[in-house]
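Participant: Please find protein.tsv (TSV, C-alpha atoms and all ligand atoms) on the next line:
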```tsv
chain	number	residue	atom	x	y	z
A	1399	MET	CA	53.01	97.54	-147.86
A	1400	ALA	CA	55.27	98.09	-144.88
A	1401	ASN	CA	52.42	97.31	-142.39
A	1402	ARG	CA	51.46	94.17	-144.23
A	1403	SER	CA	54.92	92.77	-144.20
A	1404	LEU	CA	55.16	93.63	-140.47
A	1405	LEU	CA	51.95	91.70	-139.80
A	1406	LEU	CA	53.20	88.79	-141.89
A	1407	SER	CA	56.44	88.54	-140.02
A	1408	ALA	CA	54.58	88.82	-136.68
A	1409	GLY	CA	52.40	85.89	-137.79
A	1410	ILE	CA	55.41	83.91	-138.87
A	1411	ILE	CA	56.93	84.38	-135.43
A	1412	PHE	CA	53.72	83.90	-133.42
A	1413	ILE	CA	52.61	80.57	-134.92
A	1414	PRO	CA	55.77	78.60	-134.15
A	1415	VAL	CA	56.00	80.12	-130.64
A	1416	ALA	CA	52.38	79.13	-129.86
A	1417	ALA	CA	53.00	75.64	-131.22
A	1418	LEU	CA	56.14	75.33	-129.13
A	1419	LEU	CA	54.37	76.44	-125.95
A	1420	GLY	CA	51.55	73.99	-126.68
A	1421	SER	CA	53.90	71.11	-127.31
A	1422	LEU	CA	55.74	71.82	-124.06
A	1423	GLY	CA	52.47	71.49	-122.19
A	1424	ILE	CA	52.68	74.99	-120.90
A	1425	GLY	CA	49.86	76.28	-123.04
A	1426	HIS	CA	47.63	76.40	-119.96
A	1427	ILE	CA	49.54	79.37	-118.58
A	1428	LEU	CA	47.72	81.35	-121.24
A	1429	LEU	CA	44.34	80.25	-119.82
A	1430	LYS	CA	42.23	82.35	-117.53
A	1431	GLY	CA	42.85	82.02	-113.76
A	1432	THR	CA	39.91	79.68	-112.91
A	1433	ASP	CA	40.53	77.30	-115.82
A	1434	LYS	CA	44.15	77.15	-114.85
A	1435	HIS	CA	43.21	76.29	-111.28
A	1436	GLN	CA	40.78	73.57	-112.28
A	1437	ILE	CA	43.27	71.94	-114.59
A	1438	GLN	CA	46.01	72.10	-112.01
A	1439	SER	CA	43.95	70.52	-109.22
A	1440	LYS	CA	42.71	67.84	-111.63
A	1441	TYR	CA	46.33	67.17	-112.59
A	1442	THR	CA	47.40	67.00	-108.92
A	1443	ALA	CA	44.61	64.53	-108.16
A	1444	VAL	CA	45.66	62.27	-111.03
A	1445	LEU	CA	49.28	62.43	-109.91
A	1446	SER	CA	48.57	61.55	-106.30
A	1447	ALA	CA	46.30	58.68	-107.37
A	1448	GLN	CA	49.08	57.38	-109.58
A	1449	ALA	CA	51.61	57.69	-106.75
A	1450	ALA	CA	49.28	55.87	-104.33
A	1451	SER	CA	48.72	52.95	-106.69
A	1452	LYS	CA	52.43	52.82	-107.49
A	1453	LYS	CA	53.23	52.73	-103.76
A	1454	GLN	CA	50.72	49.98	-103.23
A	1455	SER	CA	52.02	47.84	-106.10
A	1456	LEU	CA	55.60	48.38	-104.92
A	1457	ALA	CA	54.64	47.27	-101.43
A	1458	LEU	CA	53.04	44.17	-102.90
A	1459	GLU	CA	55.73	43.24	-105.38
A	1460	VAL	CA	59.07	44.37	-103.97
A	1461	LYS	CA	60.30	43.38	-100.56
A	1462	PRO	CA	63.01	45.73	-99.31
A	1463	VAL	CA	66.36	43.98	-99.59
A	1464	ALA	CA	69.56	45.35	-98.10
A	1465	PRO	CA	72.08	45.74	-100.93
A	1466	THR	CA	74.93	43.26	-100.69
A	1467	PRO	CA	78.19	45.18	-100.92
A	1468	VAL	CA	80.72	43.87	-103.41
A	1469	ILE	CA	83.90	43.66	-101.40
A	1470	PHE	CA	86.89	44.22	-103.60
A	1471	SER	CA	89.22	45.61	-100.99
A	1472	VAL	CA	92.00	43.28	-99.99
A	1473	PRO	CA	93.55	43.48	-96.50
A	1474	GLU	CA	96.96	45.12	-96.70
A	1475	GLU	CA	98.85	42.09	-95.39
A	1476	PHE	CA	97.79	40.03	-98.42
A	1477	ARG	CA	99.04	42.59	-100.96
A	1478	GLY	CA	102.17	41.41	-102.73
A	1479	THR	CA	101.87	37.91	-101.27
A	1480	VAL	CA	100.77	34.48	-102.51
A	1481	THR	CA	97.82	32.82	-100.73
A	1482	SER	CA	96.28	29.37	-101.30
A	1483	GLN	CA	93.94	29.13	-98.33
A	1484	ILE	CA	93.32	30.67	-94.95
A	1485	GLN	CA	92.92	29.22	-91.44
A	1486	PRO	CA	89.59	30.39	-90.11
A	1487	ARG	CA	88.40	29.75	-86.57
A	1488	VAL	CA	87.40	26.10	-86.18
A	1489	GLU	CA	83.68	26.81	-86.10
A	1490	ASP	CA	83.83	29.05	-89.17
A	1491	LYS	CA	83.20	26.72	-92.11
A	1492	VAL	CA	83.83	29.16	-94.94
A	1493	ILE	CA	84.88	28.27	-98.45
A	1494	ALA	CA	85.37	30.28	-101.64
A	1495	LEU	CA	84.30	29.08	-105.07
A	1496	THR	CA	86.50	30.48	-107.85
A	1497	PHE	CA	86.00	30.27	-111.60
A	1498	ASP	CA	88.82	30.90	-114.06
A	1499	ASP	CA	89.29	31.60	-117.78
A	1500	GLY	CA	85.93	33.27	-118.51
A	1501	PRO	CA	83.78	35.07	-119.12
A	1502	ALA	CA	82.43	32.68	-121.74
A	1503	PRO	CA	78.99	32.69	-123.34
A	1504	LYS	CA	76.63	29.94	-122.17
A	1505	TYR	CA	78.81	28.50	-119.36
A	1506	THR	CA	79.29	31.76	-117.45
A	1507	GLN	CA	75.58	32.50	-117.76
A	1508	GLN	CA	74.65	29.01	-116.56
A	1509	ILE	CA	77.02	29.26	-113.60
A	1510	LEU	CA	75.69	32.72	-112.72
A	1511	GLU	CA	72.15	31.34	-112.80
A	1512	ILE	CA	73.06	28.49	-110.40
A	1513	LEU	CA	74.87	30.88	-108.05
A	1514	LYS	CA	71.88	33.21	-108.08
A	1515	GLN	CA	69.46	30.39	-107.24
A	1516	GLU	CA	71.72	29.28	-104.39
A	1517	ASN	CA	72.33	32.85	-103.22
A	1518	ILE	CA	76.10	32.36	-103.39
A	1519	LYS	CA	78.74	34.95	-104.27
A	1520	ALA	CA	81.84	33.67	-106.02
A	1521	THR	CA	85.09	34.99	-107.47
A	1522	PHE	CA	85.82	35.03	-111.20
A	1523	PHE	CA	89.42	35.25	-112.41
A	1524	CYS	CA	88.84	36.67	-115.86
A	1525	VAL	CA	91.00	36.48	-118.98
A	1526	GLY	CA	91.39	39.97	-120.44
A	1527	GLU	CA	90.74	38.88	-124.00
A	1528	MET	CA	87.45	37.26	-122.93
A	1529	VAL	CA	86.38	40.39	-121.03
A	1530	HIS	CA	87.17	42.36	-124.19
A	1531	TYR	CA	84.91	40.10	-126.28
A	1532	PHE	CA	82.17	39.60	-123.68
A	1533	PRO	CA	82.08	42.74	-121.49
A	1534	GLN	CA	78.38	42.25	-120.75
A	1535	LEU	CA	79.11	39.00	-118.93
A	1536	ALA	CA	81.81	40.61	-116.78
A	1537	LYS	CA	79.38	43.41	-116.03
A	1538	GLN	CA	76.71	40.88	-115.06
A	1539	GLU	CA	79.13	39.13	-112.68
A	1540	VAL	CA	79.75	42.37	-110.80
A	1541	ALA	CA	76.09	43.42	-110.95
A	1542	GLU	CA	75.11	40.14	-109.31
A	1543	GLY	CA	77.53	40.63	-106.43
A	1544	HIS	CA	80.47	38.51	-107.54
A	1545	VAL	CA	84.12	39.49	-107.40
A	1546	ILE	CA	86.42	39.75	-110.40
A	1547	GLY	CA	90.13	39.04	-110.40
A	1548	ASN	CA	92.82	39.43	-113.07
A	1549	HIS	CA	93.96	36.27	-114.92
A	1550	THR	CA	96.12	37.92	-117.66
A	1551	TRP	CA	95.22	38.74	-121.24
A	1552	HIS	CA	96.52	35.71	-123.16
A	1553	HIS	CA	96.72	33.01	-120.47
A	1554	TRP	CA	100.32	32.24	-121.38
A	1555	LEU	CA	102.58	29.79	-119.56
A	1556	GLN	CA	105.83	30.89	-121.23
A	1557	LYS	CA	108.49	32.94	-119.49
A	1558	MET	CA	107.75	36.65	-119.75
A	1559	ASN	CA	110.01	39.66	-119.36
A	1560	SER	CA	108.69	42.48	-117.22
A	1561	GLN	CA	107.35	44.41	-120.22
A	1562	VAL	CA	105.31	41.46	-121.49
A	1563	ALA	CA	104.13	40.62	-117.97
A	1564	ALA	CA	103.10	44.25	-117.48
A	1565	ASN	CA	101.11	44.19	-120.72
A	1566	GLU	CA	99.39	40.93	-119.77
A	1567	ILE	CA	98.19	42.30	-116.45
A	1568	GLU	CA	97.63	45.96	-117.23
A	1569	SER	CA	95.63	45.38	-120.43
A	1570	THR	CA	93.41	42.97	-118.50
A	1571	ALA	CA	92.99	45.45	-115.65
A	1572	THR	CA	91.93	48.08	-118.21
A	1573	ALA	CA	89.45	45.70	-119.89
A	1574	ILE	CA	87.92	44.79	-116.51
A	1575	PHE	CA	87.68	48.45	-115.52
A	1576	GLU	CA	86.10	49.46	-118.82
A	1577	ALA	CA	83.55	46.64	-118.68
A	1578	THR	CA	82.64	46.82	-115.00
A	1579	GLY	CA	84.00	50.00	-113.45
A	1580	VAL	CA	85.93	47.84	-110.99
A	1581	LYS	CA	89.62	48.06	-110.22
A	1582	THR	CA	90.63	44.66	-108.93
A	1583	SER	CA	93.64	43.92	-106.76
A	1584	LEU	CA	93.25	40.15	-107.06
A	1585	PHE	CA	95.45	38.15	-109.40
A	1586	ARG	CA	95.66	34.48	-110.23
A	1587	PRO	CA	98.49	33.30	-112.48
A	1588	PRO	CA	97.47	31.01	-115.35
A	1589	TYR	CA	98.38	27.37	-114.56
A	1590	GLY	CA	99.33	28.57	-111.08
A	1591	ALA	CA	102.74	29.42	-112.54
A	1592	LEU	CA	104.67	31.50	-110.02
A	1593	ASN	CA	108.06	31.51	-111.79
A	1594	ASN	CA	107.46	32.79	-115.32
A	1595	GLY	CA	107.58	36.49	-114.49
A	1596	VAL	CA	103.88	37.33	-114.45
A	1597	ALA	CA	103.26	36.66	-110.73
A	1598	ASP	CA	106.41	38.67	-109.91
A	1599	TYR	CA	104.98	41.67	-111.72
A	1600	ALA	CA	101.65	41.22	-109.88
A	1601	LYS	CA	103.36	41.05	-106.49
A	1602	LYS	CA	105.52	44.09	-107.21
A	1603	ASN	CA	102.40	45.98	-108.17
A	1604	ASN	CA	100.62	45.22	-104.93
A	1605	TYR	CA	98.21	42.57	-106.18
A	1606	ALA	CA	97.16	39.79	-103.82
A	1607	VAL	CA	98.22	36.63	-105.70
A	1608	LEU	CA	95.68	33.85	-105.16
A	1609	MET	CA	96.25	30.17	-105.77
A	1610	TRP	CA	93.83	27.45	-104.59
A	1611	SER	CA	93.65	24.60	-102.11
A	1612	ASP	CA	90.98	22.50	-103.79
A	1613	ASP	CA	91.37	21.55	-107.46
A	1614	SER	CA	88.20	20.29	-109.17
A	1615	GLN	CA	90.34	19.27	-112.18
A	1616	ASP	CA	87.33	20.15	-114.30
A	1617	TYR	CA	89.70	21.22	-117.11
A	1618	ARG	CA	90.46	17.50	-117.62
A	1619	ARG	CA	86.71	16.81	-118.03
A	1620	PRO	CA	86.98	13.55	-116.09
A	1621	SER	CA	83.15	13.10	-115.64
A	1622	VAL	CA	80.63	15.03	-113.59
A	1623	ALA	CA	80.90	12.58	-110.67
A	1624	ARG	CA	84.69	12.96	-110.55
A	1625	VAL	CA	84.55	16.74	-110.62
A	1626	VAL	CA	82.12	16.58	-107.68
A	1627	ASN	CA	84.30	14.09	-105.80
A	1628	ASN	CA	87.51	16.02	-106.45
A	1629	VAL	CA	86.02	19.14	-104.88
A	1630	LEU	CA	84.42	17.37	-101.92
A	1631	ARG	CA	87.55	15.34	-101.14
A	1632	GLU	CA	89.70	18.46	-100.77
A	1633	ALA	CA	87.10	20.77	-99.26
A	1634	LYS	CA	88.16	22.36	-96.00
A	1635	PRO	CA	87.26	25.48	-94.00
A	1636	GLY	CA	89.18	28.43	-95.39
A	1637	GLY	CA	89.73	26.70	-98.71
A	1638	MET	CA	89.61	28.02	-102.24
A	1639	VAL	CA	88.00	25.80	-104.87
A	1640	LEU	CA	89.38	25.99	-108.42
A	1641	MET	CA	86.85	25.60	-111.23
A	1642	HIS	CA	86.51	26.99	-114.75
A	1643	ASP	CA	83.73	28.85	-116.54
A	1644	GLY	CA	85.78	29.39	-119.70
A	1645	GLY	CA	88.62	27.95	-121.76
A	1646	GLY	CA	86.72	25.02	-123.26
A	1647	ASN	CA	83.64	22.87	-122.88
A	1648	ARG	CA	82.45	23.39	-119.30
A	1649	THR	CA	79.31	21.26	-119.42
A	1650	GLN	CA	80.67	19.00	-116.66
A	1651	THR	CA	81.45	21.97	-114.41
A	1652	VAL	CA	77.93	23.33	-114.87
A	1653	ALA	CA	76.42	19.90	-114.11
A	1654	ALA	CA	78.68	19.31	-111.10
A	1655	LEU	CA	78.17	22.71	-109.47
A	1656	PRO	CA	74.67	22.20	-107.95
A	1657	LYS	CA	75.77	18.84	-106.49
A	1658	ILE	CA	78.93	20.38	-105.00
A	1659	ILE	CA	76.96	23.25	-103.49
A	1660	ALA	CA	74.24	20.96	-102.07
A	1661	ASN	CA	76.81	18.70	-100.41
A	1662	LEU	CA	78.90	21.52	-98.95
A	1663	LYS	CA	75.78	23.29	-97.67
A	1664	GLN	CA	74.72	20.05	-96.02
A	1665	GLN	CA	78.12	19.92	-94.31
A	1666	GLY	CA	77.46	23.39	-92.93
A	1667	TYR	CA	79.74	25.39	-95.22
A	1668	ARG	CA	78.99	28.98	-96.06
A	1669	PHE	CA	80.24	30.45	-99.31
A	1670	VAL	CA	82.28	33.64	-99.42
A	1671	THR	CA	84.23	35.59	-102.01
A	1672	VAL	CA	88.03	35.60	-101.94
A	1673	PRO	CA	88.24	39.14	-100.46
A	1674	GLN	CA	85.78	38.06	-97.74
A	1675	LEU	CA	87.94	35.02	-97.05
A	1676	LEU	CA	91.04	37.19	-96.71
A	1677	ALA	CA	89.14	39.62	-94.47
A	1678	ILE	CA	88.18	36.73	-92.17
A	1679	GLN	CA	91.85	35.81	-91.82
A	1680	ALA	CA	92.87	39.42	-91.22
A	1681	GLN	CA	90.12	39.82	-88.61
A	1682	LYS	CA	91.22	36.62	-86.88
A	1683	ALA	CA	94.82	37.86	-86.78
A	1684	THR	CA	93.64	41.10	-85.15
A	1685	LEU	CA	91.54	39.21	-82.60
A	1686	THR	CA	94.46	36.90	-81.79
A	1687	THR	CA	96.68	39.89	-81.17
A	1688	VAL	CA	94.19	41.82	-79.05
A	1689	THR	CA	92.53	39.03	-77.03
A	1690	PRO	CA	94.58	37.66	-74.14
A	1691	SER	CA	95.48	34.02	-74.73
A	1692	HIS	CA	94.06	32.95	-71.34
A	1693	GLN	CA	90.70	33.93	-69.96
A	1694	PRO	CA	90.96	35.22	-66.37
A	1695	ASN	CA	90.28	32.53	-63.79
A	1696	GLN	CA	86.72	32.93	-62.55
A	1697	GLY	CA	87.48	31.25	-59.21
A	1698	THR	CA	86.22	27.72	-59.71
A	1701	ZN	ZN	93.39	29.74	-116.19
```
How does this structure look as structure tokens?
Ligand SMILES: [Zn+2]

Facilitator:
Amino acid sequence: MANRSLLLSAGIIFIPVAALLGSLGIGHILLKGTDKHQIQSKYTAVLSAQAASKKQSLALEVKPVAPTPVIFSVPEEFRGTVTSQIQPRVEDKVIALTFDDGPAPKYTQQILEILKQENIKATFFCVGEMVHYFPQLAKQEVAEGHVIGNHTWHHWLQKMNSQVAANEIESTATAIFEATGVKTSLFRPPYGALNNGVADYAKKNNYAVLMWSDDSQDYRRPSVARVVNNVLREAKPGGMVLMHDGGGNRTQTVAALPKIIANLKQQGYRFVTVPQLLAIQAQKATLTTVTPSHQPNQGT
């Protein structure tokens, strides 16, 4: 009786253990030496064949592309200041496209698609509430190499005490960080309002406050042709173009964007993000300081 129950319990233990070993694919360790060897070399052959064909298909399908770094660092001299444009070197025709009030379904996606086709990186000043509702879009912006800035939670114009201003900016910073993993030091005040308390909070907290030099006035929805003309009329090297991907119907913005890009490209402009624009200015300042103002006379 005792032996039987011992055998039974041994069986009860052995069956699940064998099944477990089998299911883990390590059953072959129980095989005899030669079988084990054959199986292993067969397995190795299959693996290396798979690797070779994978390598080949990768070589055919994927060209190596250097990753484009997302520059979110802002030169120190722009922290706590308000900037509308920069003065690049004459030959440096750089311009920054900026989109406010998103992310918004449909329009943000359409704009991202155009930017991708044109290989352009832009800057999105996001409303915290929109990031909260559409975190995937904010994530996509960053994933595709664009820069995100803070545009407050509610997009209020009213006067704000420091507590309200803090909430507006900090809650948005948190939403952006949670959606994208990015901590932005760029801020644009809604309506460009610099005197209602919110920009003061941003400056005190070391944000670079960014305005614009080129207003598309797309928020008025004046017609696609007018949005295009507004941007082109005010376009200048070192400029920042104000457009909107959220906050209302942005069909005109989406339709105007390819025309704006085509024209500016034709004029020889290259498109940069706001941090890149600021870095160009900072670099120029350094060069101006270091380089002597007169080249030595070469004797002619
Ligand atoms: Zn806005």

Participant: Taking all atoms of segment 1501-1510 of chain A that the file lists and extending 4 Å past them on each side, where is the centre of the axis-aligned box and how long are its edges? Answer in Å to one decimal, as JSON.

Facilitator:
```
{"center_x": 79.2, "center_y": 31.8, "center_z": -118.0, "size_x": 17.1, "size_y": 14.6, "size_z": 18.6}
```

Participant: Write out as CSV the residues of chain A that have any atom within 7 Å of an atom of ligand ZN 1701 (chain A), one row each with the nearest atom pair and its distance in Å to one decimal, counting all atoms listed in the file, sorted by chain and then rising number.

Facilitator:
```
residue,atom,partner,partner_atom,distance
A:Asp1498,CA,A:ZN1701,ZN,5.2
A:Asp1499,CA,A:ZN1701,ZN,4.8
A:His1549,CA,A:ZN1701,ZN,6.7
A:His1553,CA,A:ZN1701,ZN,6.3
A:Pro1588,CA,A:ZN1701,ZN,4.4
A:Tyr1589,CA,A:ZN1701,ZN,5.8
```

Participant: Each residue of segment 1506-1590 of chain A with at least one atom at most 12 Å from segment 1615-1639 of chain A should appear once, together with its nearest atom pair and the corresponding distance in Å (one decimal); atoms considered: all atoms listed in the file; ordering: chain, then increasing residue number; output as JSON lines.

Facilitator:
```
{"residue": "A:Ala1520", "atom": "CA", "partner": "A:Val1639", "partner_atom": "CA", "distance": 10.1}
{"residue": "A:Thr1521", "atom": "CA", "partner": "A:Met1638", "partner_atom": "CA", "distance": 9.8}
{"residue": "A:Phe1522", "atom": "CA", "partner": "A:Val1639", "partner_atom": "CA", "distance": 11.4}
{"residue": "A:Arg1586", "atom": "CA", "partner": "A:Met1638", "partner_atom": "CA", "distance": 11.9}
{"residue": "A:Tyr1589", "atom": "CA", "partner": "A:Tyr1617", "partner_atom": "CA", "distance": 10.9}
```

Participant: A:Gly1595, A:Asn1661, A:Pro1656, A:Lys1602: which is nearest Gln1515 of chain A, counting all atoms listed in the file?

Facilitator: A:Pro1656

Participant: If I put a ball of radius 8 Å at (85.7, 32.5, -110.9) in the file's coordinates, which residues poke into it when counting only C-alpha atoms, written as a ChimeraX atom specification?

Facilitator: /A:1495-1500,1520-1524,1545-1547,1640-1643

Participant: May I have the residues within 6 Å of Tyr1605 of chain A as a short mmCIF file (atom, residue, chain, number, x, y, z; two decimals) with C-alpha atoms, keeping the file's coordinate frame, using only C-alpha atoms and disregarding those fewer than 4 positions away in the same chain?

Facilitator:
```
data_model
loop_
_atom_site.label_atom_id
_atom_site.label_comp_id
_atom_site.auth_asym_id
_atom_site.auth_seq_id
_atom_site.Cartn_x
_atom_site.Cartn_y
_atom_site.Cartn_z
CA ARG A 1477 99.04 42.59 -100.96
CA GLY A 1478 102.17 41.41 -102.73
CA SER A 1583 93.64 43.92 -106.76
CA LEU A 1584 93.25 40.15 -107.06
CA ALA A 1600 101.65 41.22 -109.88
CA LYS A 1601 103.36 41.05 -106.49
#
```

Participant: Could you check which of A:Thr1671, A:Thr1578, A:Gln1483, A:Asn1559 is closest to Val1529 of chain A, using all atoms listed in the file?

Facilitator: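 Using all atoms listed in the file, the shortest distance to Val1529 of chain A belongs to A:Thr1578.
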
Participant: Do you have the atom CA of Tyr1505 of chain A-atom CA of Leu1655 of chain A distance handy?

Facilitator: 11.5 Å
